[in-house]
Amino acid sequence: MNQPRIGGPAMAKPMIIAVDGPAGAGKSTVTRLLARRLNILFLDTGAMYRAATVGLFASGINTDDQAAVAAWVCQRNIDFDRDGQVRLDGERIGDERIRTPTTTREIWRVADNPGCREHLVALQRAIVGGREAVVEGRDATTVICPDAQLKVYLDASPEERARRRLKEWRAVGDPPPLSEVAADIAERDAKDMSRAVGALRLADDAVHFLTDGLSVDAVVARLIAYAVQRQPFLLERLVADQLTVGRSRQPGYVRVAQGDVTGDGGSWQLGLTNPSPGRLPGQVRDLTRNRGGRQAGVVVQGAAVLVLAGRGDCPGHLSALPMLPQTWYVIEPGAWHAVVQTHGTICAWAESSGISEDHSDLDPGRLAELDQYVTLFLPS
């Protein structure tokens with residue numbers, strides 16, 4: 001039996017995050033990790049073209065005959081198994097076969113063939129139909145998912161992409177000069193943007209995200225922030241073990257709990273807070289974990305962001321969402337958290353009596369993640 005989606009009809013449409021951009025911008029790494037953090041489907045459209053290419057060369061078809069290539073590919077079913085590995089007519093095709101230099105060199109025979117591309121796009125749309133997903137591919141935002149709720153053109157300068165590629169190559173041998181790699185990347189960009197079929201282009205409604213100087217985790221944090229802007233309920237589901245959200249359609253009080261909410265018969269303490277120096281944007285350096293009870297807060301005036309980092313022994317990767325008016329945020333015991341407040345913000349807080357706190361400093365990687373959320377949710 002299908003359960004109603006949180007948020008009602010306004011949020012009934014599944015969240016599709018479509019990501020494209022030039023080669024070497026880190027799309028595959030970032031999108032795979034993004035889907036894992038959001039616990040939704042990841043669709044690597046490039047793997048489907050690669051699997052078709054592997055099968056094509058094993059079939060004995062004349063690969064120079066475009067019509068024959070299209071006829072063969074259009075009879076193939078290409079999908080993914082439960083582990084996310086691409087399959088060709090039910091046969092799992094491992095990365096060791098689809099990621100070879102030969103496959104990379106010959107993939108154009110499928111990717112640039114209009115008949116092949118039409119068939120594969122139809123398969124890709126069927127895979128994500130009715131599901132929440134992260135879709136990565138050269139035409140993910142323009143052709144495969146033109147109605148995606150979030151479209152991102154993930155980009156980096158040719159020099160930055162060349163540095164990343166050289167970092168990978170140094171492990172296997174002597175790499176070419178940086179200038180040569182950057183020139184090759186720029187040449188490939190020009191070819192990808194001028195292709196007759198599936199050309200790379202920036203969609204009018206896509207976020208153009210330049211990732212120079214950012215870590216993978218920081219890029220993922222920014223993409224999660226973009227997604228939360230468009231559908232807050234996406235994140236609320238993921239932090240349900242750390243947070244309970246109570247909303248009211250009417251002004252006044254919101255019931256956030258009833259009965260013995262502290263678990264030990266204790267009372268609640270109430271109060272108002274102004275932002276302390278350590279909780280202003282750019283000043284947060286640590287997270288807090290409550291012991292002994294819940295803590296609930298609401299924004300009275302101003303703007304604030306609630307940051308969460310799991311319930312482990314140490315903070316995990318950061319998630320964050322803007323605190324909305326007429327909404328209570330009840331922080332569960334043991335959840336690492338911080339509230340970032342702008343100047344002039346007032347929050348009302350209630351917490352279990354006898355509550356105690358642990359503190360944990362944020363390392364540089366977590367601080368970089370935090371900066372992505374704060375920059376987007378609390379722009380100066």
# chains A, B, ... in the order shown; residues from 1 in each chain; ligands from 1
call {"tool": "residues_around", "arguments": {"residues": "Val134 of chain A", "least_positions_apart": "6", "cutoff": "8 Å", "atoms": "only C-alpha atoms", "output": "list in words"}}
result
Ile16, Ile17, Ala18, Val19, Thr31, Arg32, Leu34, Ala35, Ile40, Leu41, Phe42 and Leu43 of chain A
call {"tool": "write_last_selection", "arguments": {"atoms": "N, CA and C atoms", "output": "compact mmCIF listing (two decimals), in the first residue's frame"}}
result
# COMPACT_ATOMS: atom_id res chain seq x y z
N ILE A 16 14.28 14.64 -8.14
CA ILE A 16 15.29 14.26 -9.13
C ILE A 16 16.37 15.33 -9.13
N ILE A 17 17.60 14.91 -8.92
CA ILE A 17 18.75 15.81 -9.00
C ILE A 17 19.55 15.40 -10.23
N ALA A 18 19.56 16.25 -11.24
CA ALA A 18 20.26 15.97 -12.49
C ALA A 18 21.55 16.78 -12.53
N VAL A 19 22.65 16.10 -12.83
CA VAL A 19 23.97 16.74 -12.81
C VAL A 19 24.69 16.44 -14.12
N THR A 31 28.40 12.70 -7.56
CA THR A 31 27.01 12.26 -7.63
C THR A 31 26.79 10.92 -6.95
N ARG A 32 27.75 10.04 -7.05
CA ARG A 32 27.63 8.74 -6.38
C ARG A 32 27.57 8.94 -4.87
N LEU A 34 26.73 11.75 -3.32
CA LEU A 34 25.51 12.50 -3.02
C LEU A 34 24.32 11.55 -2.88
N ALA A 35 24.17 10.62 -3.81
CA ALA A 35 23.06 9.67 -3.75
C ALA A 35 23.15 8.81 -2.50
N ILE A 40 19.16 7.72 -1.94
CA ILE A 40 18.28 7.60 -3.09
C ILE A 40 19.06 6.96 -4.24
N LEU A 41 18.35 6.63 -5.31
CA LEU A 41 18.93 5.95 -6.47
C LEU A 41 20.02 6.80 -7.12
N PHE A 42 21.09 6.14 -7.56
CA PHE A 42 22.11 6.80 -8.38
C PHE A 42 22.08 6.19 -9.77
N LEU A 43 21.93 7.03 -10.78
CA LEU A 43 21.92 6.57 -12.17
C LEU A 43 23.13 7.13 -12.90
call {"tool": "select_by_dssp", "arguments": {"residues": "segment 143-296 of chain A", "states": "strand (DSSP E or B)", "output": "list in words"}}
result
Leu150, Lys151, Val152, Tyr153, Leu154, Asp155, Val207, His208, Phe209, Leu210, Leu243, Thr244, Val245, Gly246, Arg247, Trp268, Gln269, Leu270, Gly271, Leu272, Thr273, Asp286, Leu287, Thr288, Arg289, Asn290, Arg291, Gln295 and Ala296 of chain A
call {"tool": "residues_around", "arguments": {"residues": "Leu210 of chain A", "least_positions_apart": "5", "cutoff": "8 Å", "atoms": "only C-alpha atoms", "output": "number ranges by chain"}}
result
A: 154-157
call {"tool": "residues_around", "arguments": {"residues": "His208 of chain A", "least_positions_apart": "4", "cutoff": "12 Å", "atoms": "only C-alpha atoms", "output": "PyMOL selection string"}}
result
chain A and resi 19-22+141+150-156+201-204+222-223+226
call {"tool": "closest_residue", "arguments": {"among": "A:Pro379, A:Gly334, A:Gly198, A:Gly310", "to": "Gly282 of chain A", "atoms": "only C-alpha atoms"}}
result
A:Pro379
call {"tool": "closest_residue", "arguments": {"among": "A:Ser380, A:Gln301, A:Thr45, A:Gln326", "to": "Gln85 of chain A", "atoms": "only C-alpha atoms"}}
result
A:Thr45
call {"tool": "residues_around", "arguments": {"residues": "Ile78 of chain A", "least_positions_apart": "6", "cutoff": "7 Å", "atoms": "only C-alpha atoms", "output": "PyMOL selection string"}}
result
chain A and resi 48+87-89
call {"tool": "residues_around", "arguments": {"residues": "Arg289 of chain A", "least_positions_apart": "5", "cutoff": "9 Å", "atoms": "only C-alpha atoms", "output": "list in words"}}
result
Arg311, Pro333, Gly334, Ala335, Trp336, His337, Ala338, Ser356, Glu357, Asp358, His359 and Ser360 of chain A
call {"tool": "write_last_selection", "arguments": {"atoms": "N, CA and C atoms", "output": "PDB file, in the first residue's frame"}}
result
ATOM      1  N   ARG A 311      24.676  10.716  15.431  1.00  0.00           N
ATOM      2  CA  ARG A 311      24.633  10.364  16.849  1.00  0.00           C
ATOM      3  C   ARG A 311      25.782   9.440  17.230  1.00  0.00           C
ATOM      4  N   PRO A 333      18.092  13.355  22.017  1.00  0.00           N
ATOM      5  CA  PRO A 333      19.306  13.154  22.821  1.00  0.00           C
ATOM      6  C   PRO A 333      20.395  12.451  22.008  1.00  0.00           C
ATOM      7  N   GLY A 334      21.616  12.885  22.201  1.00  0.00           N
ATOM      8  CA  GLY A 334      22.745  12.244  21.543  1.00  0.00           C
ATOM      9  C   GLY A 334      23.063  12.746  20.158  1.00  0.00           C
ATOM     10  N   ALA A 335      22.265  13.674  19.617  1.00  0.00           N
ATOM     11  CA  ALA A 335      22.503  14.179  18.259  1.00  0.00           C
ATOM     12  C   ALA A 335      23.467  15.361  18.306  1.00  0.00           C
ATOM     13  N   TRP A 336      24.539  15.255  17.565  1.00  0.00           N
ATOM     14  CA  TRP A 336      25.476  16.385  17.457  1.00  0.00           C
ATOM     15  C   TRP A 336      24.803  17.505  16.669  1.00  0.00           C
ATOM     16  N   HIS A 337      24.868  18.739  17.173  1.00  0.00           N
ATOM     17  CA  HIS A 337      24.143  19.824  16.509  1.00  0.00           C
ATOM     18  C   HIS A 337      24.748  21.184  16.858  1.00  0.00           C
ATOM     19  N   ALA A 338      24.361  22.157  16.077  1.00  0.00           N
ATOM     20  CA  ALA A 338      24.670  23.570  16.345  1.00  0.00           C
ATOM     21  C   ALA A 338      23.606  24.394  15.651  1.00  0.00           C
ATOM     22  N   SER A 356      22.612  17.708  30.095  1.00  0.00           N
ATOM     23  CA  SER A 356      24.039  18.000  30.087  1.00  0.00           C
ATOM     24  C   SER A 356      24.547  18.008  28.656  1.00  0.00           C
ATOM     25  N   GLU A 357      25.714  18.577  28.416  1.00  0.00           N
ATOM     26  CA  GLU A 357      26.220  18.759  27.058  1.00  0.00           C
ATOM     27  C   GLU A 357      27.632  18.213  26.910  1.00  0.00           C
ATOM     28  N   ASP A 358      27.900  17.634  25.750  1.00  0.00           N
ATOM     29  CA  ASP A 358      29.256  17.332  25.302  1.00  0.00           C
ATOM     30  C   ASP A 358      29.584  18.279  24.159  1.00  0.00           C
ATOM     31  N   HIS A 359      30.866  18.543  23.959  1.00  0.00           N
ATOM     32  CA  HIS A 359      31.298  19.408  22.863  1.00  0.00           C
ATOM     33  C   HIS A 359      32.374  18.702  22.043  1.00  0.00           C
ATOM     34  N   SER A 360      32.384  18.952  20.753  1.00  0.00           N
ATOM     35  CA  SER A 360      33.393  18.378  19.867  1.00  0.00           C
ATOM     36  C   SER A 360      33.798  19.418  18.833  1.00  0.00           C
TER      37      SER A 360
END
call {"tool": "atom_distance", "arguments": {"atom1": "atom CA of Val300 of chain A", "atom2": "atom CA of Pro325 of chain A"}}
result
7.5 Å
call {"tool": "residues_around", "arguments": {"residues": "Leu123 of chain A", "least_positions_apart": "4", "cutoff": "12 Å", "atoms": "only C-alpha atoms", "output": "JSON, numbers by chain"}}
result
{"A": [43, 45, 48, 49, 73, 74, 75, 76, 77, 78, 79, 80, 116, 117, 118, 119, 127, 128, 129, 144]}
call {"tool": "closest_residue", "arguments": {"among": "A:Gly24, A:Gln269, A:Glu236, A:Gly344", "to": "Arg188 of chain A", "atoms": "only C-alpha atoms"}}
result
A:Gly24
call {"tool": "closest_residue", "arguments": {"among": "A:Val54, A:Gln149, A:Ala320, A:Thr63", "to": "Asn113 of chain A", "atoms": "only C-alpha atoms"}}
result
A:Thr63
call {"tool": "decode", "arguments": {"residues": "segment 190-343 of chain A", "atoms": "C-alpha atoms", "output": "PDB file, in the first residue's frame"}}
result
ATOM      1  CA  ALA A 190      34.938  22.214 -27.370  1.00  0.00           C
ATOM      2  CA  LYS A 191      34.142  18.868 -29.010  1.00  0.00           C
ATOM      3  CA  ASP A 192      31.531  17.933 -26.389  1.00  0.00           C
ATOM      4  CA  MET A 193      29.779  21.289 -26.788  1.00  0.00           C
ATOM      5  CA  SER A 194      29.654  21.048 -30.578  1.00  0.00           C
ATOM      6  CA  ARG A 195      28.433  17.450 -30.906  1.00  0.00           C
ATOM      7  CA  ALA A 196      25.460  16.944 -33.220  1.00  0.00           C
ATOM      8  CA  VAL A 197      23.875  14.533 -30.713  1.00  0.00           C
ATOM      9  CA  GLY A 198      23.850  14.915 -26.928  1.00  0.00           C
ATOM     10  CA  ALA A 199      25.892  18.095 -26.921  1.00  0.00           C
ATOM     11  CA  LEU A 200      27.032  19.433 -23.561  1.00  0.00           C
ATOM     12  CA  ARG A 201      25.370  22.730 -22.675  1.00  0.00           C
ATOM     13  CA  LEU A 202      24.351  24.738 -19.638  1.00  0.00           C
ATOM     14  CA  ALA A 203      20.563  24.573 -19.153  1.00  0.00           C
ATOM     15  CA  ASP A 204      18.877  27.915 -18.530  1.00  0.00           C
ATOM     16  CA  ASP A 205      17.519  26.773 -15.158  1.00  0.00           C
ATOM     17  CA  ALA A 206      20.615  24.884 -13.962  1.00  0.00           C
ATOM     18  CA  VAL A 207      22.844  25.986 -11.086  1.00  0.00           C
ATOM     19  CA  HIS A 208      26.327  26.644 -12.464  1.00  0.00           C
ATOM     20  CA  PHE A 209      28.604  25.412  -9.658  1.00  0.00           C
ATOM     21  CA  LEU A 210      32.332  26.080 -10.070  1.00  0.00           C
ATOM     22  CA  THR A 211      34.188  23.688  -7.749  1.00  0.00           C
ATOM     23  CA  ASP A 212      37.765  24.990  -7.972  1.00  0.00           C
ATOM     24  CA  GLY A 213      39.532  24.604  -4.630  1.00  0.00           C
ATOM     25  CA  LEU A 214      36.709  22.623  -2.972  1.00  0.00           C
ATOM     26  CA  SER A 215      36.936  19.105  -1.557  1.00  0.00           C
ATOM     27  CA  VAL A 216      34.517  16.387  -2.649  1.00  0.00           C
ATOM     28  CA  ASP A 217      32.740  16.548   0.733  1.00  0.00           C
ATOM     29  CA  ALA A 218      32.322  20.316   0.458  1.00  0.00           C
ATOM     30  CA  VAL A 219      30.845  19.965  -3.035  1.00  0.00           C
ATOM     31  CA  VAL A 220      28.415  17.292  -1.816  1.00  0.00           C
ATOM     32  CA  ALA A 221      27.381  19.530   1.096  1.00  0.00           C
ATOM     33  CA  ARG A 222      26.590  22.385  -1.296  1.00  0.00           C
ATOM     34  CA  LEU A 223      24.512  20.087  -3.504  1.00  0.00           C
ATOM     35  CA  ILE A 224      22.570  18.834  -0.476  1.00  0.00           C
ATOM     36  CA  ALA A 225      21.946  22.476   0.468  1.00  0.00           C
ATOM     37  CA  TYR A 226      20.583  23.201  -3.020  1.00  0.00           C
ATOM     38  CA  ALA A 227      18.323  20.147  -2.733  1.00  0.00           C
ATOM     39  CA  VAL A 228      17.043  21.196   0.710  1.00  0.00           C
ATOM     40  CA  GLN A 229      16.175  24.637  -0.669  1.00  0.00           C
ATOM     41  CA  ARG A 230      13.876  22.955  -3.163  1.00  0.00           C
ATOM     42  CA  GLN A 231      12.482  20.214  -0.910  1.00  0.00           C
ATOM     43  CA  PRO A 232      13.156  20.432   2.850  1.00  0.00           C
ATOM     44  CA  PHE A 233      11.362  17.132   3.491  1.00  0.00           C
ATOM     45  CA  LEU A 234      14.113  15.301   1.588  1.00  0.00           C
ATOM     46  CA  LEU A 235      16.557  15.973   4.409  1.00  0.00           C
ATOM     47  CA  GLU A 236      14.062  15.698   7.260  1.00  0.00           C
ATOM     48  CA  ARG A 237      13.560  12.020   6.453  1.00  0.00           C
ATOM     49  CA  LEU A 238      17.296  11.377   6.672  1.00  0.00           C
ATOM     50  CA  VAL A 239      17.717  12.992  10.085  1.00  0.00           C
ATOM     51  CA  ALA A 240      14.577  11.501  11.637  1.00  0.00           C
ATOM     52  CA  ASP A 241      16.708   9.761  14.270  1.00  0.00           C
ATOM     53  CA  GLN A 242      18.164  13.130  15.284  1.00  0.00           C
ATOM     54  CA  LEU A 243      15.273  15.528  14.798  1.00  0.00           C
ATOM     55  CA  THR A 244      11.493  15.779  15.100  1.00  0.00           C
ATOM     56  CA  VAL A 245       9.873  18.658  13.224  1.00  0.00           C
ATOM     57  CA  GLY A 246       6.518  20.089  14.349  1.00  0.00           C
ATOM     58  CA  ARG A 247       4.543  22.511  12.189  1.00  0.00           C
ATOM     59  CA  SER A 248       1.437  24.618  12.731  1.00  0.00           C
ATOM     60  CA  ARG A 249      -0.828  26.166  10.124  1.00  0.00           C
ATOM     61  CA  GLN A 250      -2.145  28.573  12.746  1.00  0.00           C
ATOM     62  CA  PRO A 251      -0.331  31.230  14.776  1.00  0.00           C
ATOM     63  CA  GLY A 252       0.405  30.491  18.402  1.00  0.00           C
ATOM     64  CA  TYR A 253       1.628  27.378  20.154  1.00  0.00           C
ATOM     65  CA  VAL A 254       2.685  24.160  18.456  1.00  0.00           C
ATOM     66  CA  ARG A 255       2.374  20.840  20.261  1.00  0.00           C
ATOM     67  CA  VAL A 256       5.779  19.210  19.939  1.00  0.00           C
ATOM     68  CA  ALA A 257       5.283  16.330  22.373  1.00  0.00           C
ATOM     69  CA  GLN A 258       2.842  15.064  24.935  1.00  0.00           C
ATOM     70  CA  GLY A 259       2.999  12.921  28.031  1.00  0.00           C
ATOM     71  CA  ASP A 260       6.294  12.197  29.761  1.00  0.00           C
ATOM     72  CA  VAL A 261       8.539  13.737  27.082  1.00  0.00           C
ATOM     73  CA  THR A 262      11.748  13.551  29.131  1.00  0.00           C
ATOM     74  CA  GLY A 263      11.458   9.881  29.951  1.00  0.00           C
ATOM     75  CA  ASP A 264      12.114  10.448  33.634  1.00  0.00           C
ATOM     76  CA  GLY A 265       9.221  12.660  34.697  1.00  0.00           C
ATOM     77  CA  GLY A 266      11.392  15.781  34.680  1.00  0.00           C
ATOM     78  CA  SER A 267      10.219  19.282  33.836  1.00  0.00           C
ATOM     79  CA  TRP A 268      11.091  21.610  30.959  1.00  0.00           C
ATOM     80  CA  GLN A 269      13.059  24.843  31.085  1.00  0.00           C
ATOM     81  CA  LEU A 270      12.065  27.708  28.778  1.00  0.00           C
ATOM     82  CA  GLY A 271      14.066  30.673  27.526  1.00  0.00           C
ATOM     83  CA  LEU A 272      14.972  33.069  24.729  1.00  0.00           C
ATOM     84  CA  THR A 273      18.426  33.264  23.170  1.00  0.00           C
ATOM     85  CA  ASN A 274      20.318  35.834  21.143  1.00  0.00           C
ATOM     86  CA  PRO A 275      23.219  34.642  18.987  1.00  0.00           C
ATOM     87  CA  SER A 276      26.425  34.254  20.993  1.00  0.00           C
ATOM     88  CA  PRO A 277      29.748  35.068  19.276  1.00  0.00           C
ATOM     89  CA  GLY A 278      30.426  31.358  18.837  1.00  0.00           C
ATOM     90  CA  ARG A 279      27.186  30.789  16.938  1.00  0.00           C
ATOM     91  CA  LEU A 280      27.346  33.545  14.344  1.00  0.00           C
ATOM     92  CA  PRO A 281      27.969  32.702  10.662  1.00  0.00           C
ATOM     93  CA  GLY A 282      31.649  32.002  10.138  1.00  0.00           C
ATOM     94  CA  GLN A 283      32.283  31.675  13.884  1.00  0.00           C
ATOM     95  CA  VAL A 284      30.991  28.162  14.641  1.00  0.00           C
ATOM     96  CA  ARG A 285      33.897  25.836  15.399  1.00  0.00           C
ATOM     97  CA  ASP A 286      32.268  23.057  17.430  1.00  0.00           C
ATOM     98  CA  LEU A 287      29.109  21.005  17.832  1.00  0.00           C
ATOM     99  CA  THR A 288      27.108  20.107  20.949  1.00  0.00           C
ATOM    100  CA  ARG A 289      25.531  16.805  21.987  1.00  0.00           C
ATOM    101  CA  ASN A 290      22.762  16.744  24.612  1.00  0.00           C
ATOM    102  CA  ARG A 291      22.501  14.046  27.238  1.00  0.00           C
ATOM    103  CA  GLY A 292      19.491  13.451  29.460  1.00  0.00           C
ATOM    104  CA  GLY A 293      16.672  14.821  27.351  1.00  0.00           C
ATOM    105  CA  ARG A 294      15.361  16.653  24.319  1.00  0.00           C
ATOM    106  CA  GLN A 295      15.784  20.284  23.333  1.00  0.00           C
ATOM    107  CA  ALA A 296      13.230  22.168  21.194  1.00  0.00           C
ATOM    108  CA  GLY A 297      13.626  25.530  19.478  1.00  0.00           C
ATOM    109  CA  VAL A 298      11.785  27.923  17.185  1.00  0.00           C
ATOM    110  CA  VAL A 299      12.852  31.143  15.452  1.00  0.00           C
ATOM    111  CA  VAL A 300      11.021  34.142  16.909  1.00  0.00           C
ATOM    112  CA  GLN A 301      12.676  36.657  14.627  1.00  0.00           C
ATOM    113  CA  GLY A 302      15.610  36.667  12.238  1.00  0.00           C
ATOM    114  CA  ALA A 303      17.220  33.715  10.477  1.00  0.00           C
ATOM    115  CA  ALA A 304      18.957  30.589  11.742  1.00  0.00           C
ATOM    116  CA  VAL A 305      20.291  27.290  10.414  1.00  0.00           C
ATOM    117  CA  LEU A 306      20.171  24.011  12.332  1.00  0.00           C
ATOM    118  CA  VAL A 307      23.238  21.845  11.720  1.00  0.00           C
ATOM    119  CA  LEU A 308      23.178  18.104  12.473  1.00  0.00           C
ATOM    120  CA  ALA A 309      26.010  15.558  12.396  1.00  0.00           C
ATOM    121  CA  GLY A 310      24.677  12.194  13.539  1.00  0.00           C
ATOM    122  CA  ARG A 311      24.633  10.364  16.849  1.00  0.00           C
ATOM    123  CA  GLY A 312      28.012   8.637  16.764  1.00  0.00           C
ATOM    124  CA  ASP A 313      30.871   9.029  19.206  1.00  0.00           C
ATOM    125  CA  CYS A 314      32.171  11.884  17.035  1.00  0.00           C
ATOM    126  CA  PRO A 315      30.338  14.169  14.562  1.00  0.00           C
ATOM    127  CA  GLY A 316      29.869  12.668  11.107  1.00  0.00           C
ATOM    128  CA  HIS A 317      29.249  14.480   7.843  1.00  0.00           C
ATOM    129  CA  LEU A 318      27.150  17.605   8.312  1.00  0.00           C
ATOM    130  CA  SER A 319      23.567  18.123   7.220  1.00  0.00           C
ATOM    131  CA  ALA A 320      21.747  21.412   7.720  1.00  0.00           C
ATOM    132  CA  LEU A 321      18.390  23.041   7.120  1.00  0.00           C
ATOM    133  CA  PRO A 322      17.035  26.567   7.589  1.00  0.00           C
ATOM    134  CA  MET A 323      14.776  26.979  10.620  1.00  0.00           C
ATOM    135  CA  LEU A 324      11.386  28.063   9.271  1.00  0.00           C
ATOM    136  CA  PRO A 325       8.727  30.241  10.978  1.00  0.00           C
ATOM    137  CA  GLN A 326       5.949  28.463  12.913  1.00  0.00           C
ATOM    138  CA  THR A 327       8.079  25.353  13.014  1.00  0.00           C
ATOM    139  CA  TRP A 328       9.533  23.652  16.090  1.00  0.00           C
ATOM    140  CA  TYR A 329      12.733  21.651  15.847  1.00  0.00           C
ATOM    141  CA  VAL A 330      13.039  19.012  18.574  1.00  0.00           C
ATOM    142  CA  ILE A 331      16.616  17.744  18.855  1.00  0.00           C
ATOM    143  CA  GLU A 332      16.855  14.167  20.061  1.00  0.00           C
ATOM    144  CA  PRO A 333      19.306  13.154  22.821  1.00  0.00           C
ATOM    145  CA  GLY A 334      22.745  12.244  21.543  1.00  0.00           C
ATOM    146  CA  ALA A 335      22.503  14.179  18.259  1.00  0.00           C
ATOM    147  CA  TRP A 336      25.476  16.385  17.457  1.00  0.00           C
ATOM    148  CA  HIS A 337      24.143  19.824  16.509  1.00  0.00           C
ATOM    149  CA  ALA A 338      24.670  23.570  16.345  1.00  0.00           C
ATOM    150  CA  VAL A 339      22.401  26.495  15.581  1.00  0.00           C
ATOM    151  CA  VAL A 340      23.935  29.246  13.455  1.00  0.00           C
ATOM    152  CA  GLN A 341      22.125  32.564  13.975  1.00  0.00           C
ATOM    153  CA  THR A 342      22.496  35.868  12.182  1.00  0.00           C
ATOM    154  CA  HIS A 343      22.741  39.180  14.065  1.00  0.00           C
TER     155      HIS A 343
END
